[in-house]
Each structure stands twice: as structure tokens, then as C-alpha cells.
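As provided, run_8.txt (compact mmCIF, C-alpha atoms) reads as follows.
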# COMPACT_ATOMS: atom_id res chain seq x y z
CA PRO A 20 0.00 0.00 0.00
CA ASN A 21 0.94 3.64 -0.48
CA ALA A 22 3.42 2.85 -3.27
CA THR A 23 3.77 3.19 -7.04
CA SER A 24 4.58 0.20 -9.28
CA TYR A 25 5.89 0.42 -12.86
CA PHE A 26 5.58 -2.27 -15.55
CA LEU A 27 5.63 -3.17 -19.26
CA LEU A 28 3.66 -5.95 -20.94
CA ASP A 29 5.39 -8.64 -23.00
CA LEU A 30 2.76 -10.81 -24.72
CA THR A 31 3.03 -14.16 -26.45
CA ASP A 32 0.13 -15.92 -28.17
CA ALA A 33 -0.39 -19.66 -28.82
CA ALA A 34 1.37 -19.41 -32.19
CA GLY A 35 4.49 -17.92 -30.65
CA ASN A 36 3.89 -14.36 -31.85
CA THR A 37 5.21 -11.76 -29.43
CA ALA A 38 4.52 -8.13 -28.79
CA SER A 39 5.47 -5.55 -26.22
CA VAL A 40 2.93 -3.06 -24.93
CA SER A 41 3.91 0.18 -23.25
CA ASP A 42 2.45 3.57 -22.45
CA SER A 43 3.76 5.42 -25.52
CA GLY A 44 7.21 3.99 -24.90
CA ASN A 45 7.04 4.50 -21.16
CA CYS A 46 6.20 2.12 -18.36
CA PHE A 47 2.67 1.85 -17.11
CA ASP A 48 2.27 2.85 -13.48
CA ILE A 49 -0.18 1.92 -10.76
CA ALA A 50 -0.37 3.89 -7.52
CA THR A 51 -1.96 2.19 -4.53
CA VAL A 52 -3.65 4.23 -1.84
CA PRO A 53 -2.54 3.99 1.81
CA THR A 54 -4.27 1.40 3.93
CA LEU A 55 -6.25 3.20 6.60
CA ASP A 56 -5.98 2.19 10.22
CA TYR A 57 -9.42 2.32 11.81
CA PHE A 58 -7.92 1.60 15.25
CA ALA A 59 -10.22 -1.34 15.95
CA GLU A 60 -9.33 -4.97 16.56
CA SER A 61 -11.47 -8.03 17.21
CA PHE A 62 -9.80 -10.50 19.56
CA VAL A 63 -10.84 -14.16 19.28
CA GLY A 64 -9.29 -16.99 21.28
CA SER A 65 -7.32 -14.85 23.73
CA THR A 66 -7.13 -11.28 24.98
CA ALA A 67 -4.21 -11.83 27.38
CA SER A 68 -1.77 -10.00 25.09
CA LEU A 69 -3.46 -6.73 26.01
CA GLU A 70 -2.61 -7.07 29.68
CA SER A 71 0.00 -4.71 31.18
CA HIS A 72 -0.31 -2.32 28.22
CA THR A 73 -1.54 1.22 27.69
CA PHE A 74 -2.48 2.19 24.14
CA THR A 75 -2.59 5.92 23.42
CA PHE A 76 -4.26 7.55 20.40
CA THR A 77 -3.12 11.10 19.69
CA PRO A 78 -5.03 13.27 17.18
CA ALA A 79 -2.91 13.96 14.10
CA ALA A 80 -3.27 15.47 10.63
CA THR A 81 -3.06 12.08 8.91
CA ASN A 82 -5.54 10.09 6.86
CA ASN A 83 -6.08 7.90 9.91
CA GLY A 84 -6.91 10.80 12.21
CA TYR A 85 -4.73 9.53 15.05
CA ILE A 86 -1.25 8.28 15.82
CA ALA A 87 -1.21 5.20 18.04
CA CYS A 88 1.51 3.99 20.38
CA SER A 89 1.84 1.60 23.31
CA SER A 90 3.57 1.61 26.67
CA ALA A 91 3.92 -0.69 29.66
CA ALA A 92 1.31 -0.46 32.42
CA ALA A 93 1.70 -1.68 35.97
CA GLY A 94 -1.36 0.10 37.35
CA TYR A 95 -4.13 2.51 36.44
CA PRO A 96 -2.65 5.76 35.07
CA THR A 97 -5.46 7.68 36.79
CA SER A 98 -5.99 6.69 40.41
CA ILE A 99 -9.48 5.41 41.12
CA THR A 100 -9.40 6.99 44.55
CA GLY A 101 -12.12 9.61 44.66
CA SER A 102 -13.96 8.18 41.64
CA THR A 103 -17.73 8.17 41.40
CA SER A 104 -19.15 4.63 41.34
CA LEU A 105 -21.97 3.81 38.94
CA THR A 106 -24.82 1.43 39.66
CA LEU A 107 -25.23 -0.52 36.44
CA ASP A 108 -27.56 -3.43 35.83
CA ASP A 109 -26.73 -6.15 33.29
CA ASP A 110 -25.99 -4.29 30.01
CA GLY A 111 -26.79 -1.06 31.84
CA VAL A 112 -25.82 2.45 30.74
CA ALA A 113 -25.17 5.63 32.73
CA ASP A 114 -25.07 9.11 31.22
CA VAL A 115 -22.34 11.37 32.57
CA VAL A 116 -22.54 15.10 31.82
CA LEU A 117 -19.16 16.79 32.06
CA THR A 118 -18.45 19.94 34.02
CA PRO A 119 -19.10 23.08 31.91
CA GLY A 120 -15.94 23.90 29.97
CA HIS A 121 -14.89 20.25 29.72
CA ALA A 122 -15.44 18.15 26.60
CA VAL A 123 -14.00 14.94 25.21
CA ALA A 124 -13.35 14.36 21.51
CA LEU A 125 -13.52 11.57 18.96
CA TYR A 126 -12.20 12.11 15.43
CA GLY A 127 -12.28 15.87 15.95
CA GLU A 128 -15.89 16.05 17.16
CA THR A 129 -16.42 17.19 20.75
CA PHE A 130 -18.95 15.93 23.28
CA ASP A 131 -19.95 17.04 26.76
CA THR A 132 -21.98 13.91 27.57
CA VAL A 133 -20.61 10.37 27.75
CA HIS A 134 -22.76 7.22 27.83
CA ILE A 135 -20.93 4.58 29.90
CA CYS A 136 -22.00 0.96 29.36
CA ALA A 137 -21.39 -1.95 31.69
CA ASN A 138 -20.03 -3.88 28.71
CA GLY A 139 -16.69 -2.11 28.50
CA PHE A 140 -17.37 0.82 26.17
CA VAL A 141 -18.69 4.36 25.94
CA THR A 142 -20.81 5.86 23.20
CA LEU A 143 -20.80 9.55 22.41
CA ASP A 144 -23.88 9.88 20.21
CA THR A 145 -26.68 7.88 21.87
CA PRO A 146 -26.74 5.23 24.62
CA ASP A 147 -26.18 1.62 23.56
CA THR A 148 -26.74 -1.60 25.50
CA ALA A 149 -25.13 -4.02 23.01
CA TYR A 150 -23.24 -6.93 24.56
CA ASP A 151 -22.17 -9.24 21.71
CA GLY A 152 -18.98 -7.32 20.95
CA THR A 153 -19.04 -7.60 17.15
CA LEU A 154 -17.34 -5.28 14.67
CA ASP A 155 -20.68 -4.33 13.10
CA GLN A 156 -21.93 -3.26 16.52
CA GLN A 157 -18.65 -1.47 17.19
CA PHE A 158 -18.96 0.67 14.08
CA GLY A 159 -22.67 1.34 14.55
CA HIS A 160 -22.08 4.14 17.08
CA LYS A 161 -19.57 6.84 17.82
CA ARG A 162 -17.86 4.59 20.27
CA VAL A 163 -14.69 4.01 22.23
CA SER A 164 -14.39 0.39 23.31
CA ALA A 165 -11.87 -0.46 25.96
CA PHE A 166 -13.12 -4.05 26.12
CA PHE A 167 -16.44 -4.58 24.32
CA HIS A 168 -17.72 -7.82 25.82
CA ASP A 169 -20.66 -9.06 27.87
CA LEU A 170 -19.63 -7.99 31.38
CA SER A 171 -21.58 -8.03 34.64
CA PRO A 172 -20.57 -5.36 37.17
CA GLN A 173 -23.87 -6.01 38.99
CA LEU A 174 -22.36 -9.30 40.18
CA ARG A 175 -18.97 -8.06 41.39
CA GLY A 176 -16.47 -5.25 41.01
CA SER A 177 -17.23 -1.68 40.02
CA VAL A 178 -17.53 0.74 37.14
CA SER A 179 -16.58 4.28 38.08
CA TYR A 180 -15.57 7.59 36.56
CA LYS A 181 -13.33 10.42 37.63
CA GLU A 182 -13.28 13.88 36.09
CA THR A 183 -9.98 15.74 36.50
CA SER A 184 -8.64 19.00 35.13
CA ASP A 185 -7.47 17.38 31.88
CA ARG A 186 -9.38 14.11 31.41
CA LEU A 187 -12.31 11.87 32.12
CA ALA A 188 -11.14 8.48 33.39
CA ILE A 189 -13.55 5.52 33.37
CA THR A 190 -12.54 2.31 35.14
CA TRP A 191 -13.94 -1.20 35.07
CA ASP A 192 -12.35 -2.72 38.15
CA ASN A 193 -12.58 -6.44 39.01
CA VAL A 194 -15.67 -6.83 36.80
CA PRO A 195 -16.62 -10.39 35.79
CA GLU A 196 -17.71 -11.75 32.46
CA TYR A 197 -21.42 -12.57 32.26
CA THR A 198 -22.04 -16.11 33.36
CA GLN A 199 -25.03 -18.29 34.18
CA SER A 200 -22.97 -20.44 36.53
CA THR A 201 -21.00 -19.84 39.70
CA LEU A 202 -18.41 -17.07 39.52
CA ILE A 203 -14.79 -18.15 39.78
CA ALA A 204 -12.02 -15.95 41.13
CA ALA A 205 -10.17 -15.78 37.80
CA ASN A 206 -13.24 -14.36 36.06
CA THR A 207 -12.28 -10.73 36.44
CA HIS A 208 -11.45 -7.76 34.21
CA SER A 209 -9.66 -4.61 35.26
CA PHE A 210 -9.08 -1.88 32.68
CA GLN A 211 -9.33 1.88 32.29
CA MET A 212 -10.25 4.36 29.57
CA GLU A 213 -8.96 7.95 29.64
CA LEU A 214 -10.61 10.58 27.44
CA TYR A 215 -8.47 13.71 27.49
CA TYR A 216 -9.95 17.10 26.74
CA ASP A 217 -7.18 17.72 24.19
CA GLY A 218 -8.49 14.77 22.13
CA ARG A 219 -6.13 12.02 23.23
CA ILE A 220 -7.55 8.64 24.15
CA ALA A 221 -5.78 6.03 26.28
CA LEU A 222 -6.78 2.43 27.04
CA THR A 223 -5.04 0.54 29.85
CA TYR A 224 -5.34 -3.17 30.66
CA LEU A 225 -4.31 -4.79 33.92
CA GLN A 226 -6.20 -8.10 34.05
CA LEU A 227 -8.46 -9.87 31.52
CA TYR A 228 -10.26 -13.19 31.53
CA ALA A 229 -12.64 -13.36 28.53
CA THR A 230 -11.17 -14.83 25.36
CA SER A 231 -12.93 -12.49 22.94
CA ALA A 232 -13.63 -8.76 22.71
CA VAL A 233 -13.62 -5.79 20.36
CA VAL A 234 -11.24 -2.98 21.23
CA GLY A 235 -10.82 0.45 19.68
CA LEU A 236 -12.45 3.50 18.13
CA SER A 237 -15.42 4.12 15.84
CA ARG A 238 -16.73 7.12 13.90
CA GLY A 239 -20.21 5.54 13.97
CA LEU A 240 -20.59 5.41 10.19
CA GLY A 241 -20.98 1.64 9.87
CA THR A 242 -18.28 -0.92 9.18
CA PRO A 243 -15.91 0.56 6.55
CA THR A 244 -15.89 -1.33 3.26
CA ASP A 245 -12.09 -1.35 3.29
CA PHE A 246 -11.77 -2.30 6.95
CA VAL A 247 -8.73 -4.32 7.93
CA GLY A 248 -8.32 -5.15 11.59
CA SER A 249 -5.69 -3.24 13.50
CA ASN A 250 -2.80 -4.88 15.32
CA PHE A 251 -2.56 -3.12 18.66
CA LEU A 252 0.54 -5.02 19.72
CA ALA A 253 2.38 -3.75 16.63
CA TYR A 254 2.08 -0.09 17.61
CA GLY A 255 5.40 1.51 18.44
CA ASN A 256 6.54 2.38 21.93
CA CYS A 257 5.25 5.75 23.08
CA GLY A 258 8.60 6.55 24.64
CA SER A 259 10.89 5.50 21.80
CA GLY A 260 10.81 8.77 19.85
CA ASP A 261 11.02 6.79 16.59
CA ALA A 262 8.28 4.17 16.68
CA ASP A 263 8.86 2.83 13.14
CA HIS A 264 12.68 2.98 13.36
CA ASP A 265 13.03 4.93 10.09
CA GLY A 266 15.37 7.54 11.54
CA LEU A 267 12.70 10.27 11.47
CA PRO A 268 11.62 11.58 14.89
CA ASP A 269 7.99 10.82 15.69
CA ALA A 270 7.27 14.45 16.58
CA TRP A 271 8.56 15.64 13.19
CA GLU A 272 6.55 12.99 11.31
CA ILE A 273 3.36 14.00 13.11
CA LEU A 274 4.06 17.69 12.46
CA THR A 275 4.51 17.07 8.72
CA GLY A 276 1.49 14.77 8.40
CA LEU A 277 3.43 11.51 8.12
CA ASN A 278 2.67 8.30 9.98
CA PRO A 279 5.33 7.61 12.64
CA ASN A 280 4.14 4.00 12.81
CA SER A 281 5.01 3.31 9.15
CA ALA A 282 8.39 3.32 7.40
CA ALA A 283 6.86 2.55 3.98
CA GLY A 284 6.52 4.87 0.99
CA ASN A 285 6.33 8.55 1.77
CA ASP A 286 6.26 7.77 5.49
CA GLY A 287 9.80 6.38 5.35
CA ALA A 288 13.24 7.95 5.40
CA ASN A 289 13.93 7.30 1.68
CA ALA A 290 10.96 9.24 0.34
CA ASP A 291 10.42 12.93 -0.19
CA PRO A 292 6.82 13.88 0.65
CA ASP A 293 7.38 17.34 -0.84

Output the file's structure in the form of C-alpha cells.
Amino acid sequence: PNATSYFLLDLTDAAGNTASVSDSGNCFDIATVPTLDYFAESFVGSTASLESHTFTFTPAATNNGYIACSSAAAGYPTSITGSTSLTLDDDGVADVVLTPGHAVALYGETFDTVHICANGFVTLDTPDTAYDGTLDQQFGHKRVSAFFHDLSPQLRGSVSYKETSDRLAITWDNVPEYTQSTLIAANTHSFQMELYYDGRIALTYLQLYATSAVVGLSRGLGTPTDFVGSNFLAYGNCGSGDADHDGLPDAWEILTGLNPNSAAGNDGANADPD
């Protein structure tokens, strides 16, 4: 993707006749468009690889809309001390209205009300009680999914939020997966979503149990026809300064509209985007 290929055609028919075809003596060329990252991944079989990670999405003037990176996490970045606990039934939703002057953002659109669902996500357009955790459901709303799965905070654990001077932090702490049988100790999920007022989004995972979930962002426009699942574990280290190891500082690539997570084509050190 995001590259130009050049070619000529040499043809031979069944009788052995040959001919060369060119573009008026020049090579034909085909330019492929960049593959968009929709920052959404469906996990099937295991979600354990997310544990002990924070994934941060920073707004950027790129086709993707964000730059993503990862870092190690040993605890919640925002302390849950002083958080407001929510009473959520199975698949329940709570509407949180932010303090005047505070607003969170998703793909450049700002919102002063957040709909927090028991099932590991927030929606920013209208409340949603979905629990299946499918990609079609993910893309059906303006949504941020930390861990879109059928969870049951009414059985154990807590869902809480904390509004600070620069962010809204929402935490699912020790929340079990929905079950119709006896709860076991290992059935617990602890993760946090941070929605910064400057547009950044961070997802942190400490402990997971369920083997499937949808994680990531959604504009709410339906599943894109060119959707290819993201690979969260492939995002560069937030602290490396050169996530794609192309010799170009991440800050400079973001400033000039390049993708610091890609060393291919115009995003790499050997191309001239001018």
C-alpha cells in the first residue's frame, strides 16, 4: 500500500507471436492508496496479550486521524481513589454530563456527555446496551471500546468515573464476564479508559479473563468497506521517539502529516513527501 509500481507488458500468443505493450514507450504505473488504520481490533481466542499495556491515540493530521503507540502499564494511570461509582444493571448504561468547559473528543468532534455501558465501552452519540462485541456493533455508534464484551458489574467489582482538570477516566475494576454459573475468582477484568480534553484517548489493561472482545475507536458510520483489523501489539513504543525505526523523529513525522508507525513509501526515510 501507499506505493507506485511500474511495468511493461510482453505478450506471447499460442502461435508464438510476441509483442510488447507500453504507455507510448514508457512504463505503465499503478499507484496504490494507503491502507487506513481504523484503530479497531477483534480478539478471538485470547485477549491476554493486552494485559499490562496502555495504548494511546493522539489526534494527528493524517488520513487515519490519530497516531497510536503503546507503553507498559503496571497500574491505572489515573488513580481510582475519589472516583464516582456507577450502579449498572446487566448491560446497563449511565449518562455522565461533564463539568461546563470540559469536553472529550472523537475524530475531531467534541462531546460534553458520555454514555458509559457496563459492557466495556462508551458511546458519544446515543446510549447503547449491546453486549455481543461484534465489529458491526462497534462501528454502529460513535464509540470508544476499551473491552467490548458481555460484562456483569452487577455481580462483582465496580464501574466508576473520575473527572480531572485534563481528562475523564472511566474504570472497570474487578468486573466479571457474564455467566449463568458460579463465579470463579479468575473471572475478572480490570481496565481503564482515559478521554483527554485535548483529544487524546488512552486504554489501559491490567487483568483480563474473557477470550474475545472488540477494542478500539469508531466514527459511527458503519463498518468501513475497506476495513482491515488493527494490530494493537504492533504499535510503536510511546517513549521510543522513533516508533517505526526509520530515523525520522515521531514528533517531526506527526508535524509534517506523516505516519510515525510506518516506514513505507512517503512515510519512510527514503521518500520525499514534498

| query | Which is closest to A:Asn206 among A:Leu174, A:Val40, A:Ala124, A:Leu236, if we use all atoms listed in the file? | reply |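 Among A:Leu174, A:Val40, A:Ala124, A:Leu236, it is A:Leu174 that comes nearest to A:Asn206.
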
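When atom CA of A:Ile220 is paired with atom CA of A:Gly111, their separation reads 22.9 Å.
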
| query | If we count all atoms listed in the file, what is near stretch 240-247 of chain A at a cut-off of 12 Å, once residues fewer than 6 positions away on the same chain are taken out, given as a ChimeraX atom specification? | reply | /A:52-61,126,144,153-162

Can you list, as a PDB file with C-alpha atoms, in the frame of the given file, every protein, DNA or RNA residue that comes within 9 Å of A:Thr132 when you count all atoms listed in the file, leaving out same-chain residues fewer than 4 positions away?
ATOM      1  CA  ASP A 114     -25.070   9.110  31.220  1.00  0.00           C
ATOM      2  CA  VAL A 115     -22.340  11.370  32.570  1.00  0.00           C
ATOM      3  CA  VAL A 116     -22.540  15.100  31.820  1.00  0.00           C
ATOM      4  CA  LEU A 117     -19.160  16.790  32.060  1.00  0.00           C
ATOM      5  CA  ALA A 122     -15.440  18.150  26.600  1.00  0.00           C
ATOM      6  CA  VAL A 123     -14.000  14.940  25.210  1.00  0.00           C
ATOM      7  CA  LEU A 143     -20.800   9.550  22.410  1.00  0.00           C
ATOM      8  CA  ASP A 144     -23.880   9.880  20.210  1.00  0.00           C
TER       9      ASP A 144
END

| message | My list of candidates is A:Asp29, A:Glu213, A:Glu272, A:Asp185. Which is closest to A:Val141 when distances are computed with all atoms listed in the file? | response | A:Glu213

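Residue neighbourhood of stretch 74-90 of chain A, excluding near-sequence residues (fewer than 6 positions): Leu55, Asp56, Arg219, Ile220, Ala221, Leu222, Tyr254, Gly255, Asn256, Cys257 and Gly276 of chain A, at 6 Å, using all atoms listed in the file.
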
| request: Name all residues at most 8 Å from stretch 190-203 of chain A (count all atoms listed in the file; drop same-chain ones fewer than 6 positions away) and give them as a list in words. | output: Ile99, Gly139, His168, Asp169, Leu170, Ser171, Pro172, Leu174, Arg175, Gly176, Ser177, Val178, Ser179, Tyr180, Ser209, Phe210, Gln211, Met212, Tyr228 and Ala229 of chain A

| For A:Gly94, which of A:Thr223, A:Ser184, A:Asn36, A:Ser164 is the closest residue, counting only C-alpha atoms? |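 The closest residue to A:Gly94 is A:Thr223.
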
| Which one is closest to A:Ser104: A:Thr207, A:Tyr216, A:Gln173, A:Val163? Count all atoms listed in the file. |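 Distance minimum relative to A:Ser104 lands on A:Gln173.
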